[in-house]
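Chemist: Below is the file start31.cif, with mmCIF, C-alpha atoms.
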data_coords
#
loop_
_atom_site.label_atom_id
_atom_site.label_comp_id
_atom_site.auth_asym_id
_atom_site.auth_seq_id
_atom_site.Cartn_x
_atom_site.Cartn_y
_atom_site.Cartn_z
CA MET L 234 152.93 145.90 108.65
CA THR L 235 151.90 143.85 111.64
CA LEU L 236 151.08 140.13 111.29
CA VAL L 237 148.36 138.54 113.34
CA SER L 238 149.86 135.97 115.66
CA TRP L 239 147.88 132.76 116.31
CA PRO L 240 148.84 131.40 119.73
CA PHE L 241 148.52 127.74 118.72
CA ILE L 242 150.50 127.98 115.46
CA GLY L 243 154.11 127.13 115.81
CA PRO L 244 156.56 124.31 115.65
CA GLY L 245 155.99 120.95 117.23
CA LYS L 246 152.68 120.04 118.85
CA ASN L 247 150.97 123.36 118.09
CA MET L 248 151.53 122.92 114.35
CA LYS L 249 150.12 119.37 114.50
CA LYS L 250 146.97 120.69 116.18
CA PHE L 251 146.59 123.31 113.46
CA ILE L 252 146.91 120.72 110.71
CA LEU L 253 144.36 118.48 112.46
CA ILE L 254 141.86 121.36 112.60
CA LEU L 255 142.37 122.03 108.89
CA LEU L 256 141.70 118.38 108.13
CA ILE L 257 138.50 118.36 110.16
CA PHE L 258 137.08 121.46 108.50
CA PHE L 259 138.17 121.06 104.90
CA ILE L 260 138.18 117.32 104.13
CA PRO L 261 134.72 116.12 102.99
CA SER L 262 132.90 113.92 105.46
CA ILE L 263 132.95 110.21 104.74
CA SER L 264 129.63 108.73 103.60
CA PHE L 265 129.34 105.19 104.87
CA ALA L 266 127.75 102.65 102.57
CA ALA L 267 124.71 100.57 103.42
CA ILE L 268 125.73 97.03 104.36
CA VAL L 269 123.86 93.89 103.30
CA SER L 270 124.93 90.85 105.30
CA ILE L 271 124.39 87.11 104.98
CA SER L 272 124.62 85.22 108.26
CA ALA L 273 123.69 82.06 110.17
CA PRO L 274 123.92 81.00 113.84
CA LYS L 275 126.96 78.87 112.98
CA ASN L 276 129.23 78.28 109.98
CA SER L 277 130.13 74.61 110.36
CA PHE L 278 127.71 71.89 109.22
CA ALA L 279 127.50 68.17 108.63
CA LEU L 280 126.45 66.38 105.48
CA SER L 281 122.67 66.17 104.93
CA GLU L 282 122.06 68.95 107.47
CA ASP L 283 119.49 71.71 107.02
CA PHE L 284 120.41 75.24 108.07
CA LEU L 285 118.84 78.69 107.81
CA VAL L 286 120.68 81.67 106.35
CA GLN L 287 119.37 85.20 106.97
CA VAL L 288 119.83 88.30 104.82
CA PHE L 289 119.83 91.68 106.61
CA ILE L 290 120.62 95.27 105.69
CA ASN L 291 122.20 97.99 107.80
CA THR L 292 121.09 101.26 106.19
CA GLU L 293 123.79 103.28 108.02
CA GLY L 294 121.24 105.94 108.89
CA LYS L 295 119.95 106.36 105.34
CA ASN L 296 116.27 105.98 104.43
CA ILE L 297 116.11 103.18 101.86
CA ASN L 298 113.10 102.47 99.66
CA ALA L 299 114.41 100.20 96.90
CA LEU L 300 117.03 97.52 96.50
CA GLU L 301 117.96 94.60 94.30
CA GLY L 302 120.66 92.01 94.04
CA VAL L 303 121.58 88.38 93.53
CA VAL L 304 122.59 85.85 96.19
CA ASP L 305 125.20 83.51 94.76
CA TYR L 306 125.48 80.09 96.45
CA PRO L 307 127.38 76.92 95.48
CA ALA L 308 124.68 74.71 93.96
CA ASP L 309 126.96 71.66 93.98
CA PHE L 310 127.40 72.01 97.77
CA LEU L 311 123.94 73.19 98.76
CA GLU L 312 120.32 72.50 97.87
CA LEU L 313 118.01 75.47 98.34
CA LYS L 314 114.86 74.05 99.95
CA GLU L 315 112.87 77.17 100.80
CA ILE L 316 112.90 80.97 100.77
CA GLN L 317 111.01 82.83 103.51
CA ASP L 318 110.17 86.55 103.44
CA CYS L 319 107.56 86.94 106.20
CA ASN L 320 107.98 90.25 108.07
CA SER L 321 110.49 91.50 105.50
CA SER L 322 111.36 95.19 105.52
CA VAL L 323 110.55 95.11 101.80
CA ASN L 324 106.80 95.58 101.41
CA PHE L 325 106.48 95.03 97.68
CA TRP L 326 108.59 92.54 95.78
CA ILE L 327 109.07 93.47 92.14
CA GLU L 328 110.95 90.20 91.85
CA LYS L 329 110.20 88.03 94.86
CA PRO L 330 113.34 86.23 96.10
CA GLY L 331 113.47 83.16 93.91
CA ASN L 332 115.77 80.47 92.60
CA VAL L 333 115.24 80.84 88.84
CA THR L 334 118.79 79.72 88.05
CA PRO L 335 120.63 77.06 90.10
CA GLY L 336 123.05 78.79 92.42
CA LYS L 337 121.32 82.18 92.12
CA VAL L 338 118.59 83.86 94.18
CA TYR L 339 117.35 87.02 92.47
CA PHE L 340 115.49 89.70 94.43
CA SER L 341 114.18 93.20 93.77
CA GLY L 342 111.71 95.21 95.83
CA ILE L 343 110.58 98.53 97.20
CA THR L 344 109.10 99.89 100.43
CA ALA L 345 106.72 102.84 100.24
CA GLY L 346 107.97 105.52 102.61
CA GLY L 347 111.30 103.76 103.01
CA PHE L 348 112.92 102.21 106.06
CA THR L 349 116.02 102.69 108.16
CA GLY L 350 117.79 100.65 110.83
CA ASP L 351 120.86 98.71 111.92
CA LYS L 352 119.53 95.23 111.19
CA LYS L 353 116.50 95.23 108.91
CA PHE L 354 115.38 91.77 107.84
CA LEU L 355 115.05 91.03 104.10
CA PHE L 356 114.55 87.24 103.75
CA ASN L 357 115.68 83.75 104.84
CA MET L 358 117.04 80.86 102.80
CA LEU L 359 116.81 77.25 103.99
CA PHE L 360 119.67 75.11 102.66
CA HIS L 361 120.47 71.40 102.74
CA THR L 362 124.11 70.32 102.60
CA LYS L 363 125.07 67.68 100.03
CA LYS L 364 128.86 67.90 99.68
CA SER L 365 131.76 68.45 102.08
CA GLY L 366 134.28 71.27 101.79
CA LYS L 367 134.71 75.02 102.27
CA GLU L 368 132.55 77.48 100.36
CA THR L 369 130.94 80.95 100.38
CA ILE L 370 127.48 82.42 99.92
CA SER L 371 127.88 85.91 98.48
CA LEU L 372 125.99 88.88 97.04
CA GLU L 373 126.28 90.19 93.49
CA ASN L 374 124.88 93.14 91.50
CA LEU L 375 123.75 94.94 94.64
CA ALA L 376 121.86 98.18 94.01
CA ILE L 377 120.30 100.33 96.75
CA LEU L 378 118.21 103.49 96.28
CA GLN L 379 117.48 106.22 98.80
CA ASN L 380 114.00 107.48 99.69
CA ASP L 381 114.72 111.09 98.75
CA GLY L 382 112.24 111.69 95.94
CA VAL L 383 114.76 111.14 93.16
CA GLY L 384 116.03 107.65 93.98
CA THR L 385 119.64 108.61 94.70
CA LYS L 386 121.83 105.53 94.49
CA VAL L 387 123.43 104.52 97.79
CA SER L 388 126.78 102.78 97.73
CA GLY L 389 126.40 99.29 99.13
CA THR L 390 128.76 96.69 100.45
CA SER L 391 128.11 93.06 101.35
CA LEU L 392 129.26 90.76 104.12
CA ASN L 393 129.45 87.27 102.66
CA PHE L 394 128.96 84.02 104.55
CA ASN L 395 131.83 81.52 104.64
CA PHE L 396 131.00 78.01 105.79
CA ILE L 397 132.40 74.51 106.13
CA VAL L 398 130.66 71.17 105.51
CA SER L 399 132.34 68.21 107.18
CA ASN L 400 132.41 64.58 106.06
CA GLU L 401 130.33 63.57 109.06
CA VAL L 402 126.70 62.76 108.26
CA TYR L 403 124.15 64.74 110.23
CA LYS L 404 122.23 62.70 112.83
CA LYS L 405 118.63 63.74 113.24
CA ASN L 406 117.10 64.03 116.66
CA ASN L 407 115.06 60.90 117.33
CA GLU L 408 112.78 62.65 119.79
CA SER L 409 109.14 62.42 118.80
CA THR L 410 107.72 65.61 117.34
CA ARG L 411 104.18 66.83 117.79
CA SER L 412 102.10 67.67 114.77
CA ASP L 413 101.58 71.37 114.15
CA VAL L 414 98.11 72.37 115.37
CA ILE L 415 98.80 76.06 115.95
CA ALA L 416 97.51 78.61 113.46
CA PRO L 417 99.74 81.37 112.04
CA GLU L 418 100.26 84.47 114.17
CA ASP L 419 97.76 87.34 114.28
CA PHE L 420 98.48 90.00 111.66
CA ASN L 421 97.12 93.32 110.40
CA PRO L 422 96.52 93.53 106.64
CA ILE L 423 96.86 97.09 105.36
CA VAL L 424 94.90 98.67 102.52
CA GLY L 425 96.96 101.18 100.57
CA LYS L 426 97.45 103.07 97.34
CA ASP L 427 100.52 104.57 95.68
CA ALA L 428 100.73 106.29 92.32
CA ASP L 429 104.03 104.51 91.61
CA LEU L 430 102.80 101.02 92.50
CA LEU L 431 100.45 98.60 90.71
CA ASN L 432 99.27 101.26 88.26
CA GLY L 433 97.94 103.37 91.11
CA ASN L 434 95.32 100.76 92.11
CA ASN L 435 94.14 100.12 95.66
CA PHE L 436 95.79 97.06 97.17
CA VAL L 437 96.00 95.11 100.40
CA ALA L 438 99.40 94.16 101.85
CA PHE L 439 99.88 91.43 104.44
CA SER L 440 102.46 89.24 106.13
CA THR L 441 102.65 86.98 109.17
CA THR L 442 104.72 84.22 110.72
CA ASP L 443 104.02 80.67 111.85
CA LYS L 444 105.78 79.05 114.80
CA GLY L 445 105.27 75.58 113.38
CA GLU L 446 106.32 74.55 109.89
CA GLY L 447 105.87 78.00 108.36
CA VAL L 448 103.28 79.81 106.24
CA ASP L 449 102.36 77.95 103.06
CA HIS L 450 100.23 80.54 101.27
CA TYR L 451 97.72 83.37 101.56
CA GLU L 452 94.17 83.73 100.28
CA VAL L 453 92.01 86.84 99.83
CA ARG L 454 88.23 87.22 99.53
CA GLU L 455 86.12 90.34 98.97
CA THR L 456 82.44 90.43 99.96
CA PHE L 457 79.82 93.09 99.25
CA TRP L 458 76.32 93.06 100.73
CA GLY L 459 76.62 89.48 101.84
CA ILE L 460 77.55 88.34 98.33
CA GLU L 461 80.57 86.28 99.21
CA GLY L 462 83.34 86.02 96.67
CA LYS L 463 85.62 83.01 96.52
CA TYR L 464 88.96 82.92 98.27
CA GLU L 465 91.81 83.35 95.81
CA ILE L 466 95.31 82.09 96.48
CA THR L 467 97.61 85.06 96.09
CA GLN L 468 100.57 86.91 97.54
CA SER L 469 101.18 90.36 98.94
CA PRO L 470 100.42 92.93 97.64
CA TYR L 471 97.00 91.95 96.23
CA VAL L 472 95.21 94.34 93.86
CA LEU L 473 91.62 94.70 95.04
CA LYS L 474 88.83 93.91 92.60
CA ASP L 475 86.55 96.44 94.31
CA GLN L 476 88.44 99.67 93.75
CA THR L 477 85.59 101.62 95.40
CA LEU L 478 86.66 100.06 98.73
CA LYS L 479 83.07 99.30 99.66
CA SER L 480 83.70 95.59 100.23
CA THR L 481 84.70 93.70 103.34
CA ILE L 482 88.08 92.06 102.83
CA TYR L 483 89.16 88.76 104.36
CA VAL L 484 92.81 87.69 104.30
CA LYS L 485 93.58 84.07 105.17
CA ALA L 486 97.03 82.76 106.10
CA VAL L 487 97.43 78.98 105.77
CA ASP L 488 100.41 77.15 107.24
CA LYS L 489 101.98 73.96 105.90
CA SER L 490 99.87 71.82 108.21
CA GLY L 491 96.63 73.37 106.98
CA ASN L 492 95.99 75.59 110.02
CA GLU L 493 94.34 78.89 109.15
CA ARG L 494 94.28 82.43 110.47
CA ILE L 495 91.70 84.83 108.99
CA GLU L 496 91.83 88.60 109.41
CA LYS L 497 88.95 90.91 108.45
CA ILE L 498 89.13 94.45 107.08
CA ASN L 499 85.95 96.52 107.16
CA PRO L 500 85.01 98.65 104.13
CA GLN L 501 87.53 101.47 103.78
CA ASN L 502 85.15 103.76 101.91
CA ARG L 503 83.70 105.95 104.69
CA TRP L 504 80.47 106.35 102.72
CA ALA L 505 80.01 102.62 102.23
CA LEU L 506 78.66 102.00 105.75
CA LEU L 507 76.43 105.07 105.44
CA GLU L 508 75.09 103.81 102.11
CA GLN L 509 74.40 100.43 103.64
CA PHE L 510 72.69 102.04 106.62
CA ILE L 511 70.48 104.19 104.36
CA ILE L 512 69.54 101.23 102.18
CA ILE L 513 68.73 99.09 105.23
CA ALA L 514 66.68 101.98 106.68
CA ILE L 515 64.73 102.28 103.42
CA ILE L 516 64.06 98.55 103.33
CA LEU L 517 62.90 98.52 106.98
CA THR L 518 60.67 101.56 106.38
CA ALA L 519 59.10 99.87 103.38
CA LEU L 520 58.50 96.68 105.38
CA VAL L 521 56.89 98.63 108.22
CA PHE L 522 54.70 100.50 105.74
CA LEU L 523 53.59 97.25 104.09
CA PHE L 524 52.98 95.66 107.47
CA LYS L 525 50.73 98.55 108.57
CA LYS L 526 48.91 98.42 105.25
CA VAL L 527 48.36 94.65 105.20
CA TRP L 528 47.94 93.83 108.90
CA PRO L 529 44.52 95.59 109.38
CA LYS L 530 43.06 93.47 106.55
CA PHE L 531 44.07 90.32 108.39
CA THR L 532 42.63 91.57 111.70
CA GLU L 533 39.33 92.42 110.02
CA ARG L 534 38.94 88.80 109.04
#
Represent the structure of the file as structure tokens.

Modeler:
Amino acid sequence: MTLVSWPFIGPGKNMKKFILILLIFFIPSISFAAIVSISAPKNSFALSEDFLVQVFINTEGKNINALEGVVDYPADFLELKEIQDCNSSVNFWIEKPGNVTPGKVYFSGITAGGFTGDKKFLFNMLFHTKKSGKETISLENLAILQNDGVGTKVSGTSLNFNFIVSNEVYKKNNESTRSDVIAPEDFNPIVGKDADLLNGNNFVAFSTTDKGEGVDHYEVRETFWGIEGKYEITQSPYVLKDQTLKSTIYVKAVDKSGNERIEKINPQNRWALLEQFIIIAIILTALVFLFKKVWPKFTER
């Protein structure tokens, strides 16, 4: 009986190569976890200083469409002044990032169609330091779901933010500041519908940024045939009252200085404009008919 001889199998280096090949082919590939990170431009602050912390996710090539978690911060060291989510990769917040419990920021949201990327923005947190020492802002109860039709859970890891607050009191810049007179940035509200969202109703989603003091709130108004509805203060996504999509939609972004940016969305129902055209044509035809009928009587006089 003759044995097949493999030229690279043998003692020493050849055997090591063979073992390496076996490892490559038979050991399961490693699946890297999505990474949620908390970061800031610096990690050393003075007392009574404001600083912005950003929360990002690296999807590690996976398409993510849902996530939730809790940001844990030391409430005795920091005061949470504001949470900003403009231009977030999360389109629909089930639980908008909020500070319901001191020291905790809960968040839960989904993105229709999912998203992927190395550094996808989730939200910002503006803190004010009130005590000196060393501390950490961390993530708890992190859950991430994949956009694969069945919501496969993706393993997630977090990169926490370690910081130091010194005993030195922060000195504000004494330079005079101009009042904010610039409106929020242009934006494109989107009308959408998803069977899994908002009971399958039509909605409008929107988000923008403001280079001044930030966006304060949004307002939405629907108008039909010149009958103007009132602006309603709301947040994205907004469930439309006119589910036929025959109305013109106005979305207003108002910054903290009162500056406004209004974006208009024409009726999405393709028959709406045709209906309006037909009705206008009928009205004009009737007016012309009446004019021809009445005008000769006036000329006879």

Chemist: Where does the PyMOL selection byres ((chain L and resi 359) around 9) land in this file, that is, which residues does it pick, as number ranges by chain?

Modeler: L: 283-287, 312-317, 357-358, 360-361

Chemist: Quick one: which residues end up in the PyMOL selection byres ((chain L and resi 452) around 9) for this structure, as an mmCIF file with C-alpha atoms, keeping the file's coordinate frame?

Modeler:
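What follows is the written file out36.cif:
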data_model
loop_
_atom_site.group_PDB
_atom_site.id
_atom_site.type_symbol
_atom_site.label_atom_id
_atom_site.label_comp_id
_atom_site.auth_asym_id
_atom_site.auth_seq_id
_atom_site.Cartn_x
_atom_site.Cartn_y
_atom_site.Cartn_z
ATOM 1 C CA HIS L 450 100.230 80.540 101.270
ATOM 2 C CA TYR L 451 97.720 83.370 101.560
ATOM 3 C CA VAL L 453 92.010 86.840 99.830
ATOM 4 C CA ARG L 454 88.230 87.220 99.530
ATOM 5 C CA TYR L 464 88.960 82.920 98.270
ATOM 6 C CA GLU L 465 91.810 83.350 95.810
ATOM 7 C CA ILE L 466 95.310 82.090 96.480
ATOM 8 C CA THR L 467 97.610 85.060 96.090
ATOM 9 C CA GLN L 468 100.570 86.910 97.540
ATOM 10 C CA TYR L 483 89.160 88.760 104.360
ATOM 11 C CA VAL L 484 92.810 87.690 104.300
ATOM 12 C CA LYS L 485 93.580 84.070 105.170
ATOM 13 C CA ALA L 486 97.030 82.760 106.100
ATOM 14 C CA VAL L 487 97.430 78.980 105.770
#

Chemist: Could you please determine the separation between atom CA of L:Ser480 and atom CA of L:Ser321 in Å, to one decimal place?

Modeler: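 Spanning atom CA of L:Ser480 to atom CA of L:Ser321 is a straight-line distance of 27.6 Å.
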
Chemist: Quick one, how far is atom CA of L:Ser388 from atom CA of L:Ile271?

Modeler: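 A separation of 17.4 Å between them.
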
Chemist: How far is it from atom CA of L:Pro422 to atom CA of L:Asn332, in Å with one decimal?

Modeler: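 So the answer is 27.2 Å.
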
Chemist: I would like the residues chosen by the PyMOL selection byres ((chain L and resi 478) around 12) on the shown file; could you give them as a list in words?

Modeler: Val424, Gly425, Lys426, Asn434, Asn435, Phe436, Val437, Glu455, Thr456, Phe457, Val472, Leu473, Lys474, Asp475, Gln476, Thr477, Lys479, Ser480, Thr481, Ile482, Ile498, Asn499, Pro500, Gln501, Asn502, Arg503, Trp504, Ala505 and Leu506 of chain L

Chemist: Pick from L:Phe278, L:Val383, L:Asp318, L:Leu523: nearest to L:Gly331, with only C-alpha atoms counted?

Modeler: L:Asp318

Chemist: Can you pull out the residues contacting L:Asn320? Cut-off 8 Å, using all atoms listed in the file, and skip same-chain residues under 6 positions away; I want them as an MDAnalysis selection string.

Modeler: chainID L and resid 354 440:442

Chemist: When distances are computed from all atoms listed in the file, which of L:Ala438, L:Val269, L:Val333, L:Ile327 shows the smallest separation from L:Ile423?

Modeler: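 Nearest to L:Ile423: L:Ala438.
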
Chemist: For L:Phe394, which residue out of L:Ala416, L:Val304, L:Leu375, L:Val323 is the nearest one, using only C-alpha atoms?

Modeler: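 Among L:Ala416, L:Val304, L:Leu375, L:Val323, it is L:Val304 that comes nearest to L:Phe394.
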
Chemist: For L:Gly350, which of L:Gly294, L:Gly433, L:Gly302, L:Gly462 is the closest residue, counting only C-alpha atoms?

Modeler: L:Gly294

Chemist: Using only C-alpha atoms, find the one residue out of L:Ala279, L:Val303, L:Ala345, L:Ala273 that sits nearest to L:Asp429.

Modeler: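 Nearest candidate to L:Asp429 out of L:Ala279, L:Val303, L:Ala345, L:Ala273: L:Ala345.
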
Chemist: As a ChimeraX atom specification, please: the residues near L:Ser270 (cut-off 6 Å, only C-alpha atoms, same-chain neighbours under 2 positions excluded).

Modeler: /L:288-289,391-392

Chemist: I need the residue nearest L:Asn374 from this list: L:Glu496, L:Asp427, L:Asp449, L:Glu301. Use only C-alpha atoms for the distance.

Modeler: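 Closest residue, counting only C-alpha atoms: L:Glu301.
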
Chemist: Can you list, as a list in words, every protein, DNA or RNA residue that comes within 8 Å of L:Asn492 when you count all atoms listed in the file, leaving out same-chain residues fewer than 3 positions away?

Modeler: Val414, Ile415, Ala416, Pro417, Val487, Asp488 and Lys489 of chain L

Chemist: Just the selected residues (C-alpha atoms), exported as a CSV table (one decimal), keeping the file's coordinate frame, please.

Modeler:
chain,number,residue,atom,x,y,z
L,414,VAL,CA,98.1,72.4,115.4
L,415,ILE,CA,98.8,76.1,116.0
L,416,ALA,CA,97.5,78.6,113.5
L,417,PRO,CA,99.7,81.4,112.0
L,487,VAL,CA,97.4,79.0,105.8
L,488,ASP,CA,100.4,77.2,107.2
L,489,LYS,CA,102.0,74.0,105.9
